[in-house]
$ cat entry.cif   # mmCIF, C-alpha atoms and all ligand atoms
data_my_file
#
loop_
_atom_site.label_atom_id
_atom_site.label_comp_id
_atom_site.auth_asym_id
_atom_site.auth_seq_id
_atom_site.Cartn_x
_atom_site.Cartn_y
_atom_site.Cartn_z
CA MET A 3 -16.08 19.73 7.61
CA ASP A 4 -19.20 18.11 6.21
CA TYR A 5 -20.34 18.39 2.61
CA ARG A 6 -23.91 18.36 3.88
CA ASP A 7 -23.34 21.91 5.12
CA LEU A 8 -23.09 22.88 1.46
CA PRO A 9 -26.21 23.69 -0.56
CA ILE A 10 -26.34 20.29 -2.30
CA ARG A 11 -29.58 19.02 -3.84
CA ASP A 12 -31.97 17.81 -1.12
CA ASP A 13 -32.51 14.49 -2.88
CA LEU A 14 -28.77 13.72 -2.70
CA ARG A 15 -28.58 14.08 1.07
CA GLU A 16 -29.56 10.48 1.83
CA LEU A 17 -27.17 8.94 -0.73
CA THR A 18 -23.78 7.38 -0.07
CA PRO A 19 -21.12 7.28 -2.79
CA TYR A 20 -20.28 4.08 -4.66
CA GLY A 21 -17.46 2.60 -2.65
CA ALA A 22 -16.10 -0.85 -3.41
CA PRO A 23 -13.00 -0.89 -1.19
CA GLN A 24 -9.78 -0.23 -3.13
CA ILE A 25 -7.32 -1.87 -0.74
CA ASP A 26 -3.78 -2.81 -1.74
CA VAL A 27 -3.82 -6.60 -1.25
CA PRO A 28 -2.04 -9.54 -2.91
CA TYR A 29 -5.34 -11.01 -4.14
CA PRO A 30 -7.90 -8.40 -5.28
CA LEU A 31 -10.96 -10.52 -6.12
CA ASN A 32 -13.68 -7.96 -5.38
CA THR A 33 -14.48 -5.96 -8.54
CA ASN A 34 -14.77 -8.65 -11.22
CA GLU A 35 -11.77 -7.47 -13.18
CA ASN A 36 -10.04 -9.84 -15.58
CA PRO A 37 -7.04 -11.18 -13.59
CA TYR A 38 -4.93 -11.32 -16.74
CA GLY A 39 -3.35 -8.07 -17.87
CA PRO A 40 -3.47 -7.15 -21.54
CA PRO A 41 -1.18 -9.46 -23.55
CA PRO A 42 2.33 -8.05 -24.32
CA GLU A 43 1.60 -7.65 -28.07
CA LEU A 44 -1.38 -5.49 -27.17
CA VAL A 45 0.62 -3.43 -24.68
CA ALA A 46 3.24 -2.75 -27.37
CA ASP A 47 0.54 -1.87 -29.90
CA LEU A 48 -1.17 0.41 -27.36
CA ALA A 49 2.06 2.32 -26.83
CA ARG A 50 2.33 2.88 -30.59
CA ALA A 51 -1.34 3.88 -30.94
CA VAL A 52 -1.24 6.27 -28.00
CA THR A 53 2.00 7.83 -29.28
CA GLU A 54 0.39 8.43 -32.63
CA ALA A 55 -2.75 9.90 -31.06
CA ALA A 56 -0.52 12.13 -28.91
CA THR A 57 0.83 13.90 -31.99
CA THR A 58 -2.60 15.49 -32.59
CA LEU A 59 -3.73 16.05 -28.99
CA ASN A 60 -3.96 19.79 -29.68
CA ARG A 61 -7.13 18.92 -31.63
CA TYR A 62 -10.43 17.71 -30.20
CA PRO A 63 -11.18 14.04 -30.84
CA ASP A 64 -13.84 12.72 -33.20
CA ARG A 65 -16.94 13.73 -31.25
CA ASP A 66 -18.93 10.81 -32.61
CA ALA A 67 -16.15 8.20 -32.22
CA THR A 68 -17.21 6.86 -35.61
CA ASP A 69 -14.27 4.53 -36.27
CA LEU A 70 -14.49 3.00 -32.81
CA ARG A 71 -18.23 2.48 -33.16
CA LYS A 72 -17.66 0.74 -36.51
CA ASP A 73 -15.15 -1.58 -34.87
CA LEU A 74 -17.52 -2.28 -31.97
CA ALA A 75 -20.37 -3.05 -34.39
CA ASP A 76 -18.10 -5.50 -36.23
CA TYR A 77 -17.21 -7.16 -32.93
CA LEU A 78 -20.85 -7.49 -31.88
CA GLY A 79 -22.03 -8.90 -35.23
CA HIS A 80 -25.81 -9.54 -35.38
CA GLY A 81 -25.93 -7.32 -38.50
CA LEU A 82 -25.30 -4.19 -36.40
CA THR A 83 -23.69 -1.14 -37.99
CA VAL A 84 -22.12 2.09 -36.76
CA GLY A 85 -25.54 3.73 -36.43
CA ASN A 86 -26.62 1.09 -33.91
CA VAL A 87 -23.66 1.50 -31.58
CA TRP A 88 -22.65 4.20 -29.11
CA ALA A 89 -19.56 4.37 -26.87
CA ALA A 90 -18.63 6.26 -23.70
CA ASN A 91 -16.28 6.27 -20.71
CA GLY A 92 -17.35 2.93 -19.24
CA SER A 93 -20.84 1.50 -19.43
CA ASN A 94 -21.56 3.57 -16.33
CA GLU A 95 -21.39 6.72 -18.47
CA ILE A 96 -23.60 4.99 -21.03
CA LEU A 97 -26.14 4.29 -18.25
CA GLN A 98 -25.90 7.88 -17.05
CA GLN A 99 -26.60 9.21 -20.55
CA ILE A 100 -29.58 6.87 -20.87
CA LEU A 101 -30.97 8.11 -17.55
CA GLN A 102 -30.35 11.74 -18.48
CA VAL A 103 -32.42 11.32 -21.64
CA PHE A 104 -35.15 8.90 -20.60
CA GLY A 105 -35.24 9.48 -16.82
CA GLY A 106 -34.96 12.61 -14.70
CA PRO A 107 -37.32 14.52 -12.38
CA GLY A 108 -40.87 13.18 -12.43
CA ARG A 109 -39.76 9.94 -14.09
CA SER A 110 -38.97 6.49 -12.72
CA ALA A 111 -36.82 3.43 -13.38
CA ILE A 112 -37.31 -0.11 -12.13
CA GLY A 113 -34.70 -2.81 -11.55
CA PHE A 114 -35.04 -6.32 -10.15
CA GLU A 115 -32.87 -6.79 -7.09
CA PRO A 116 -30.43 -7.88 -5.95
CA SER A 117 -28.69 -6.46 -9.00
CA TYR A 118 -26.03 -3.96 -10.00
CA SER A 119 -26.20 -1.16 -7.42
CA MET A 120 -25.13 1.48 -9.94
CA HIS A 121 -28.45 1.25 -11.78
CA ARG A 122 -30.15 2.60 -8.66
CA LEU A 123 -27.36 5.06 -7.83
CA ILE A 124 -27.21 6.60 -11.31
CA ALA A 125 -31.01 6.79 -11.37
CA LEU A 126 -31.03 8.70 -8.09
CA ALA A 127 -28.11 10.92 -9.17
CA THR A 128 -30.17 11.97 -12.20
CA ALA A 129 -33.22 12.63 -9.96
CA THR A 130 -35.03 9.60 -11.37
CA GLU A 131 -37.31 7.80 -8.92
CA TRP A 132 -36.07 4.25 -8.26
CA ILE A 133 -38.46 1.32 -7.99
CA SER A 134 -37.12 -1.88 -6.43
CA GLY A 135 -38.54 -4.92 -8.21
CA LEU A 136 -37.75 -8.36 -6.85
CA ARG A 137 -36.13 -11.53 -8.12
CA GLU A 138 -37.10 -15.03 -7.01
CA GLY A 139 -35.31 -16.80 -4.15
CA ASP A 140 -32.96 -18.42 -6.66
CA TYR A 141 -32.29 -14.95 -8.20
CA THR A 142 -34.05 -15.71 -11.47
CA LEU A 143 -36.67 -13.28 -12.74
CA ASP A 144 -40.26 -14.48 -13.04
CA ALA A 145 -41.60 -13.08 -16.33
CA ALA A 146 -45.20 -12.78 -15.17
CA LYS A 147 -44.22 -10.95 -11.97
CA ALA A 148 -41.88 -8.63 -13.88
CA VAL A 149 -44.65 -7.82 -16.36
CA ALA A 150 -47.08 -7.18 -13.49
CA ALA A 151 -44.58 -4.85 -11.79
CA ILE A 152 -44.07 -2.89 -15.03
CA GLU A 153 -47.82 -2.58 -15.57
CA ARG A 154 -48.40 -1.49 -11.97
CA HIS A 155 -45.56 1.06 -11.71
CA GLN A 156 -45.50 2.28 -15.34
CA PRO A 157 -41.78 3.11 -15.18
CA ASP A 158 -39.97 5.07 -17.88
CA ILE A 159 -36.96 2.73 -17.87
CA VAL A 160 -36.66 -0.97 -17.06
CA PHE A 161 -33.26 -2.39 -16.11
CA LEU A 162 -32.41 -6.05 -16.65
CA THR A 163 -28.94 -7.43 -15.91
CA SER A 164 -27.91 -10.67 -17.59
CA PRO A 165 -25.73 -12.32 -16.45
CA ASN A 166 -26.75 -10.57 -13.25
CA ASN A 167 -24.33 -8.96 -10.82
CA PRO A 168 -23.87 -9.94 -7.94
CA THR A 169 -25.57 -13.31 -8.47
CA GLY A 170 -24.18 -14.48 -11.86
CA THR A 171 -27.67 -15.45 -13.04
CA ALA A 172 -28.34 -15.28 -16.80
CA MET A 173 -31.84 -14.57 -18.08
CA ASP A 174 -33.89 -16.54 -20.60
CA LEU A 175 -34.72 -14.66 -23.78
CA ASP A 176 -38.38 -15.42 -23.14
CA VAL A 177 -38.22 -13.35 -19.95
CA ILE A 178 -36.52 -10.44 -21.73
CA ARG A 179 -39.02 -10.69 -24.57
CA ALA A 180 -41.94 -10.53 -22.13
CA VAL A 181 -40.40 -7.51 -20.37
CA VAL A 182 -39.80 -5.69 -23.68
CA LYS A 183 -43.44 -6.30 -24.66
CA ALA A 184 -44.74 -5.03 -21.31
CA ALA A 185 -42.39 -2.03 -21.50
CA ASP A 186 -43.69 -1.20 -24.98
CA GLY A 187 -47.18 -1.30 -23.52
CA VAL A 188 -46.34 1.45 -21.00
CA GLY A 189 -43.94 3.35 -23.29
CA ALA A 190 -40.79 2.44 -21.33
CA MET A 191 -37.23 1.89 -22.52
CA VAL A 192 -35.58 -1.44 -21.62
CA VAL A 193 -31.87 -1.60 -20.78
CA VAL A 194 -30.29 -5.05 -20.75
CA ASP A 195 -26.89 -4.75 -19.04
CA GLU A 196 -24.70 -7.49 -20.52
CA ALA A 197 -21.40 -6.49 -18.87
CA TYR A 198 -20.55 -10.16 -18.29
CA PHE A 199 -21.96 -11.64 -21.48
CA GLU A 200 -18.63 -13.03 -22.74
CA PHE A 201 -18.43 -15.28 -19.64
CA ALA A 202 -21.86 -16.86 -20.13
CA ARG A 203 -22.00 -20.61 -20.53
CA PRO A 204 -22.48 -21.93 -24.09
CA GLY A 205 -26.04 -21.62 -25.36
CA THR A 206 -26.82 -18.43 -23.43
CA PRO A 207 -28.34 -16.08 -26.03
CA SER A 208 -27.64 -12.35 -26.07
CA ALA A 209 -30.44 -9.80 -25.96
CA LEU A 210 -28.81 -8.45 -29.14
CA THR A 211 -30.77 -11.15 -30.98
CA LEU A 212 -33.98 -9.36 -29.91
CA LEU A 213 -33.05 -5.96 -31.37
CA PRO A 214 -34.56 -6.63 -34.83
CA GLU A 215 -37.85 -7.90 -33.41
CA ALA A 216 -38.15 -5.23 -30.67
CA VAL A 217 -39.56 -2.67 -33.10
CA PRO A 218 -43.12 -1.55 -32.29
CA ASP A 219 -45.04 -0.73 -35.49
CA GLY A 220 -43.05 1.88 -37.34
CA LYS A 221 -41.61 3.51 -34.19
CA PRO A 222 -37.98 3.17 -33.06
CA GLY A 223 -37.20 0.09 -30.96
CA ARG A 224 -36.89 0.74 -27.23
CA LEU A 225 -34.46 -2.03 -26.35
CA ILE A 226 -30.90 -1.04 -25.39
CA VAL A 227 -28.16 -3.61 -24.80
CA THR A 228 -25.11 -2.36 -22.90
CA ARG A 229 -21.65 -3.93 -22.86
CA THR A 230 -18.24 -3.00 -21.49
CA MET A 231 -14.54 -3.50 -22.16
CA SER A 232 -13.94 -3.55 -18.38
CA LYS A 233 -14.45 -7.27 -17.77
CA ALA A 234 -13.73 -9.89 -20.46
CA PHE A 235 -11.62 -7.40 -22.45
CA ALA A 236 -9.27 -6.78 -19.49
CA MET A 237 -9.48 -3.01 -20.05
CA ALA A 238 -11.18 -1.71 -16.87
CA GLY A 239 -8.53 1.01 -16.58
CA ALA A 240 -9.24 2.35 -20.06
CA ARG A 241 -12.92 3.15 -19.28
CA VAL A 242 -14.77 2.04 -22.37
CA GLY A 243 -18.40 0.97 -22.42
CA TYR A 244 -20.86 0.80 -25.29
CA LEU A 245 -24.42 0.01 -26.29
CA ALA A 246 -26.38 -1.35 -29.21
CA ALA A 247 -29.85 -0.03 -30.00
CA ASP A 248 -32.06 1.49 -32.64
CA PRO A 249 -30.20 4.41 -34.31
CA ALA A 250 -32.90 6.79 -32.98
CA VAL A 251 -31.78 5.97 -29.41
CA ILE A 252 -28.27 7.13 -30.24
CA ASP A 253 -29.60 10.31 -31.85
CA ALA A 254 -31.42 10.95 -28.55
CA LEU A 255 -28.28 10.39 -26.47
CA LEU A 256 -26.49 13.09 -28.48
CA LEU A 257 -28.75 15.58 -26.67
CA VAL A 258 -27.00 14.94 -23.35
CA ARG A 259 -23.51 13.68 -24.13
CA LEU A 260 -20.79 16.18 -23.35
CA PRO A 261 -18.98 17.41 -26.45
CA TYR A 262 -15.86 15.29 -27.10
CA HIS A 263 -16.69 13.03 -24.14
CA LEU A 264 -14.46 10.18 -25.31
CA SER A 265 -10.81 11.26 -25.43
CA ALA A 266 -8.62 10.61 -28.46
CA LEU A 267 -6.40 8.43 -26.24
CA THR A 268 -9.36 6.34 -25.11
CA GLN A 269 -10.63 5.91 -28.66
CA ALA A 270 -7.18 4.88 -29.86
CA ALA A 271 -6.75 2.43 -26.97
CA ALA A 272 -10.16 0.85 -27.50
CA ARG A 273 -9.64 0.42 -31.25
CA THR A 274 -6.25 -1.13 -30.63
CA ALA A 275 -7.71 -3.56 -28.09
CA LEU A 276 -10.36 -4.61 -30.60
CA LYS A 277 -7.60 -5.56 -33.05
CA HIS A 278 -6.43 -8.07 -30.41
CA VAL A 279 -9.85 -9.45 -29.64
CA THR A 280 -8.83 -13.08 -30.13
CA ALA A 281 -5.94 -12.87 -27.68
CA LEU A 282 -8.00 -10.85 -25.19
CA LEU A 283 -10.92 -13.22 -25.22
CA GLY A 284 -8.46 -16.11 -25.02
CA THR A 285 -8.34 -15.50 -21.26
CA VAL A 286 -12.09 -15.93 -20.92
CA ASP A 287 -11.98 -19.72 -20.97
CA ALA A 288 -9.31 -19.78 -18.26
CA VAL A 289 -11.39 -17.46 -16.08
CA LYS A 290 -14.51 -19.55 -16.67
CA ALA A 291 -12.58 -22.68 -15.66
CA GLN A 292 -11.65 -21.02 -12.35
CA ARG A 293 -15.25 -19.88 -11.87
CA ASP A 294 -16.47 -23.44 -12.35
CA ARG A 295 -13.73 -24.64 -10.02
CA ILE A 296 -14.95 -22.24 -7.29
CA VAL A 297 -18.55 -23.40 -7.81
CA GLY A 298 -17.43 -27.04 -7.56
CA GLU A 299 -15.22 -26.63 -4.50
CA LEU A 300 -17.65 -24.48 -2.53
CA THR A 301 -20.45 -26.90 -3.32
CA ALA A 302 -18.24 -29.76 -2.09
CA LEU A 303 -17.70 -27.79 1.13
CA GLY A 304 -21.46 -27.84 1.59
CA LEU A 305 -21.94 -24.11 0.94
CA HIS A 306 -24.95 -22.67 -0.85
CA VAL A 307 -23.59 -21.62 -4.27
CA VAL A 308 -25.52 -19.74 -6.95
CA PRO A 309 -24.92 -21.06 -10.51
CA SER A 310 -22.86 -18.48 -12.42
CA ASP A 311 -22.68 -17.29 -16.03
CA ALA A 312 -20.27 -14.50 -15.07
CA ASN A 313 -16.64 -14.26 -13.88
CA PHE A 314 -17.61 -14.39 -10.20
CA VAL A 315 -19.46 -16.60 -7.76
CA PHE A 316 -22.09 -15.59 -5.19
CA PHE A 317 -22.20 -17.90 -2.21
CA GLY A 318 -23.82 -18.38 1.18
CA VAL A 319 -21.81 -18.03 4.37
CA PRO A 320 -22.33 -20.86 6.90
CA GLY A 321 -23.72 -19.29 10.06
CA GLY A 322 -24.71 -16.19 8.07
CA ASP A 323 -22.08 -13.74 9.38
CA GLN A 324 -20.65 -12.53 6.06
CA LYS A 325 -18.84 -9.58 7.65
CA ALA A 326 -16.77 -11.87 9.91
CA LEU A 327 -15.88 -14.23 7.07
CA TRP A 328 -15.04 -11.32 4.73
CA GLN A 329 -12.59 -9.95 7.32
CA ARG A 330 -11.00 -13.37 7.99
CA VAL A 331 -10.44 -13.93 4.27
CA LEU A 332 -9.02 -10.40 3.96
CA ASP A 333 -6.58 -11.21 6.78
CA HIS A 334 -5.12 -13.79 4.34
CA GLY A 335 -4.61 -11.04 1.75
CA VAL A 336 -7.68 -12.00 -0.28
CA LEU A 337 -10.16 -9.17 -0.91
CA ILE A 338 -13.65 -10.39 -1.84
CA ARG A 339 -16.96 -8.51 -1.88
CA ASP A 340 -19.65 -8.01 0.70
CA VAL A 341 -22.43 -6.45 -1.37
CA GLY A 342 -24.54 -5.89 1.73
CA ILE A 343 -26.80 -8.93 1.34
CA PRO A 344 -26.91 -10.72 4.69
CA GLY A 345 -25.25 -14.13 4.69
CA MET A 346 -23.83 -13.83 1.17
CA LEU A 347 -20.44 -12.96 -0.34
CA ARG A 348 -19.17 -12.60 -3.91
CA VAL A 349 -15.75 -13.64 -5.17
CA THR A 350 -14.23 -12.86 -8.58
CA ALA A 351 -12.61 -15.78 -10.41
CA GLY A 352 -8.87 -15.10 -10.56
CA THR A 353 -5.92 -16.85 -12.11
CA GLU A 354 -5.42 -20.44 -10.98
CA SER A 355 -3.04 -19.38 -8.18
CA GLU A 356 -5.25 -16.49 -7.05
CA THR A 357 -8.21 -18.81 -6.94
CA THR A 358 -6.18 -21.32 -4.92
CA ALA A 359 -5.25 -18.53 -2.48
CA PHE A 360 -8.93 -17.69 -2.09
CA LEU A 361 -10.00 -21.29 -1.58
CA ASP A 362 -7.24 -21.89 0.99
CA ALA A 363 -8.09 -18.66 2.82
CA LEU A 364 -11.77 -19.55 2.79
CA LYS A 365 -11.23 -23.06 4.17
CA GLU A 366 -8.96 -21.82 6.98
CA SER A 367 -11.33 -18.97 7.81
CA LEU A 368 -14.37 -21.27 7.90
CA ALA A 369 -12.48 -23.65 10.24
CA VAL A 370 -11.50 -20.83 12.60
CA LEU A 371 -15.01 -19.32 12.66
CA ASP A 372 -16.46 -22.79 13.18
CA GLY A 373 -14.11 -23.31 16.16
CA GLU A 374 -15.21 -19.99 17.68
CA SER A 375 -18.93 -20.67 17.46
C1 LIG A 401 -18.73 -3.98 -13.91
C2 LIG A 401 -20.11 -3.69 -14.41
C3 LIG A 401 -20.30 -2.71 -15.36
C4 LIG A 401 -19.11 -2.02 -15.94
O1 LIG A 401 -19.01 -0.72 -15.74
P1 LIG A 401 -17.90 0.09 -16.55
O2 LIG A 401 -18.31 1.47 -16.28
O3 LIG A 401 -18.03 -0.29 -17.99
O4 LIG A 401 -16.57 -0.29 -15.99
C5 LIG A 401 -21.57 -2.49 -15.87
N1 LIG A 401 -22.61 -3.24 -15.45
C6 LIG A 401 -22.46 -4.21 -14.55
C7 LIG A 401 -23.61 -5.04 -14.16
C8 LIG A 401 -21.21 -4.44 -13.98
O5 LIG A 401 -21.05 -5.37 -13.04
#

$ encode --input "entry.cif" --output "structure tokens" --more "lines below"
Ligand SMILES: *Cc1c(COP(=O)(O)O)cnc(C)c1O
Amino acid sequence: MDYRDLPIRDDLRELTPYGAPQIDVPYPLNTNENPYGPPPELVADLARAVTEAATTLNRYPDRDATDLRKDLADYLGHGLTVGNVWAANGSNEILQQILQVFGGPGRSAIGFEPSYSMHRLIALATATEWISGLREGDYTLDAAKAVAAIERHQPDIVFLTSPNNPTGTAMDLDVIRAVVKAADGVGAMVVVDEAYFEFARPGTPSALTLLPEAVPDGKPGRLIVTRTMSKAFAMAGARVGYLAADPAVIDALLLVRLPYHLSALTQAAARTALKHVTALLGTVDAVKAQRDRIVGELTALGLHVVPSDANFVFFGVPGGDQKALWQRVLDHGVLIRDVGIPGMLRVTAGTESETTAFLDALKESLAVLDGES
């Protein structure tokens, strides 16, 4: 049986579903999750909050998730209020809503690759034409080239990812500023995906600081900054993502959001997590230390390592056969990520012992592959 025998949309026929392997292994270091589970106080609090929410599950939840959005605005700071913030089931749903409103048939979106593959996939799923812009060899974005690409292609949406996935590369505000200006010139929205912002090295500014200035004369600002509770907040299983933007952007998203899209249980869980923000973000420094340890050790091994402001490291495979190395490392119970870029692999920073398991598996695998060649 083949789904292609069904009358699916013609433009979906060439797509393949998102499919990071979900394999049961001792060391899952392939989807950039926080290796630390929620702290016990939070787990206990979650049980209480979910129990309380359960008593009124016969009723629909707050459609506008107002209390959660207030809490998220408080967390973000930068003078943002409830009207600037929107929440959904993961930042992927946020991205989908953005594409449903600002993309669609006859419209286009540009991203600068390699970057997060879901930007392209969600664009195509919403029948938005995808334009592949390019990053430099060191995975930074050249402002002048980005501006030129925007002026040439006149997209409706521009995606920037900072820190970038899969490379870990953070973007200078000057680059984002130049892109926002060029996008204003062609009437495009700009989405800055900051899923990994909490892991950025000190001094890395957030695109949130640009929201007040990204307001073209009297019209609503077109800059959208997206965040998630899936990474630093250790809540990937809860599915909570959010954005900050001009209130008019959120009014526009209401046109496409499904009624009651964010369940009462999800809203309760997210609000409870935000009460424990200090404990949750307490794991970030430990993860960053392991990230820097991976960068240091792989560099010492003579590998090509991309500097990282995220909770993962993108590195070059000696000899270039990333599929063989990926499999060897998996044979040691360590699952890392082949994002399909020849000669490169990505590993998520784990706990200290998980990271040690990865480094040991990598060294043994490199030695074996070296012996075979
Ligand atoms: C992991 C990730 C997300 C998060 O998606 P959720 O739907 O919030 O889990 C968003 N953007 C990027 C670049 C990511 O790597």

$ closest_residue --input "entry.cif" --among "A:Ala291, A:Ala216, A:Ala55, A:Leu282" --to "A:Phe314" --atoms "all atoms listed in the file"
A:Ala291

$ closest_residue --input "entry.cif" --among "A:Val194, A:Leu257, A:Met237, A:Val349" --to "A:Ser208" --atoms "all atoms listed in the file"
A:Val194

$ residues_near_ligand --input "entry.cif" --ligand "ligand LIG 401 (chain A)" --cutoff "9 Å" --atoms "only C-alpha atoms and all ligand atoms" --output "MDAnalysis selection string"
chainID A and resid 33:35 90:97 117:121 163:168 195:198 228:233 237:244

$ write_last_selection --input "entry.cif" --atoms "C-alpha atoms" --output "PDB file, keeping the file's coordinate frame"
ATOM      1  CA  THR A  33     -14.480  -5.960  -8.540  1.00  0.00           C
ATOM      2  CA  ASN A  34     -14.770  -8.650 -11.220  1.00  0.00           C
ATOM      3  CA  GLU A  35     -11.770  -7.470 -13.180  1.00  0.00           C
ATOM      4  CA  ALA A  90     -18.630   6.260 -23.700  1.00  0.00           C
ATOM      5  CA  ASN A  91     -16.280   6.270 -20.710  1.00  0.00           C
ATOM      6  CA  GLY A  92     -17.350   2.930 -19.240  1.00  0.00           C
ATOM      7  CA  SER A  93     -20.840   1.500 -19.430  1.00  0.00           C
ATOM      8  CA  ASN A  94     -21.560   3.570 -16.330  1.00  0.00           C
ATOM      9  CA  GLU A  95     -21.390   6.720 -18.470  1.00  0.00           C
ATOM     10  CA  ILE A  96     -23.600   4.990 -21.030  1.00  0.00           C
ATOM     11  CA  LEU A  97     -26.140   4.290 -18.250  1.00  0.00           C
ATOM     12  CA  SER A 117     -28.690  -6.460  -9.000  1.00  0.00           C
ATOM     13  CA  TYR A 118     -26.030  -3.960 -10.000  1.00  0.00           C
ATOM     14  CA  SER A 119     -26.200  -1.160  -7.420  1.00  0.00           C
ATOM     15  CA  MET A 120     -25.130   1.480  -9.940  1.00  0.00           C
ATOM     16  CA  HIS A 121     -28.450   1.250 -11.780  1.00  0.00           C
ATOM     17  CA  THR A 163     -28.940  -7.430 -15.910  1.00  0.00           C
ATOM     18  CA  SER A 164     -27.910 -10.670 -17.590  1.00  0.00           C
ATOM     19  CA  PRO A 165     -25.730 -12.320 -16.450  1.00  0.00           C
ATOM     20  CA  ASN A 166     -26.750 -10.570 -13.250  1.00  0.00           C
ATOM     21  CA  ASN A 167     -24.330  -8.960 -10.820  1.00  0.00           C
ATOM     22  CA  PRO A 168     -23.870  -9.940  -7.940  1.00  0.00           C
ATOM     23  CA  ASP A 195     -26.890  -4.750 -19.040  1.00  0.00           C
ATOM     24  CA  GLU A 196     -24.700  -7.490 -20.520  1.00  0.00           C
ATOM     25  CA  ALA A 197     -21.400  -6.490 -18.870  1.00  0.00           C
ATOM     26  CA  TYR A 198     -20.550 -10.160 -18.290  1.00  0.00           C
ATOM     27  CA  THR A 228     -25.110  -2.360 -22.900  1.00  0.00           C
ATOM     28  CA  ARG A 229     -21.650  -3.930 -22.860  1.00  0.00           C
ATOM     29  CA  THR A 230     -18.240  -3.000 -21.490  1.00  0.00           C
ATOM     30  CA  MET A 231     -14.540  -3.500 -22.160  1.00  0.00           C
ATOM     31  CA  SER A 232     -13.940  -3.550 -18.380  1.00  0.00           C
ATOM     32  CA  LYS A 233     -14.450  -7.270 -17.770  1.00  0.00           C
ATOM     33  CA  MET A 237      -9.480  -3.010 -20.050  1.00  0.00           C
ATOM     34  CA  ALA A 238     -11.180  -1.710 -16.870  1.00  0.00           C
ATOM     35  CA  GLY A 239      -8.530   1.010 -16.580  1.00  0.00           C
ATOM     36  CA  ALA A 240      -9.240   2.350 -20.060  1.00  0.00           C
ATOM     37  CA  ARG A 241     -12.920   3.150 -19.280  1.00  0.00           C
ATOM     38  CA  VAL A 242     -14.770   2.040 -22.370  1.00  0.00           C
ATOM     39  CA  GLY A 243     -18.400   0.970 -22.420  1.00  0.00           C
ATOM     40  CA  TYR A 244     -20.860   0.800 -25.290  1.00  0.00           C
TER      41      TYR A 244
END

$ atom_distance --input "entry.cif" --atom1 "atom CA of A:Leu212" --atom2 "atom CA of A:Ile178"
8.6 Å

$ closest_residue --input "entry.cif" --among "A:Met3, A:Leu44, A:Ile133, A:Ala67" --to "A:Glu115" --atoms "only C-alpha atoms"
A:Ile133

$ closest_residue --input "entry.cif" --among "A:Asn36, A:Thr206, A:Gln329, A:Gln156" --to "A:Leu175" --atoms "only C-alpha atoms"
A:Thr206
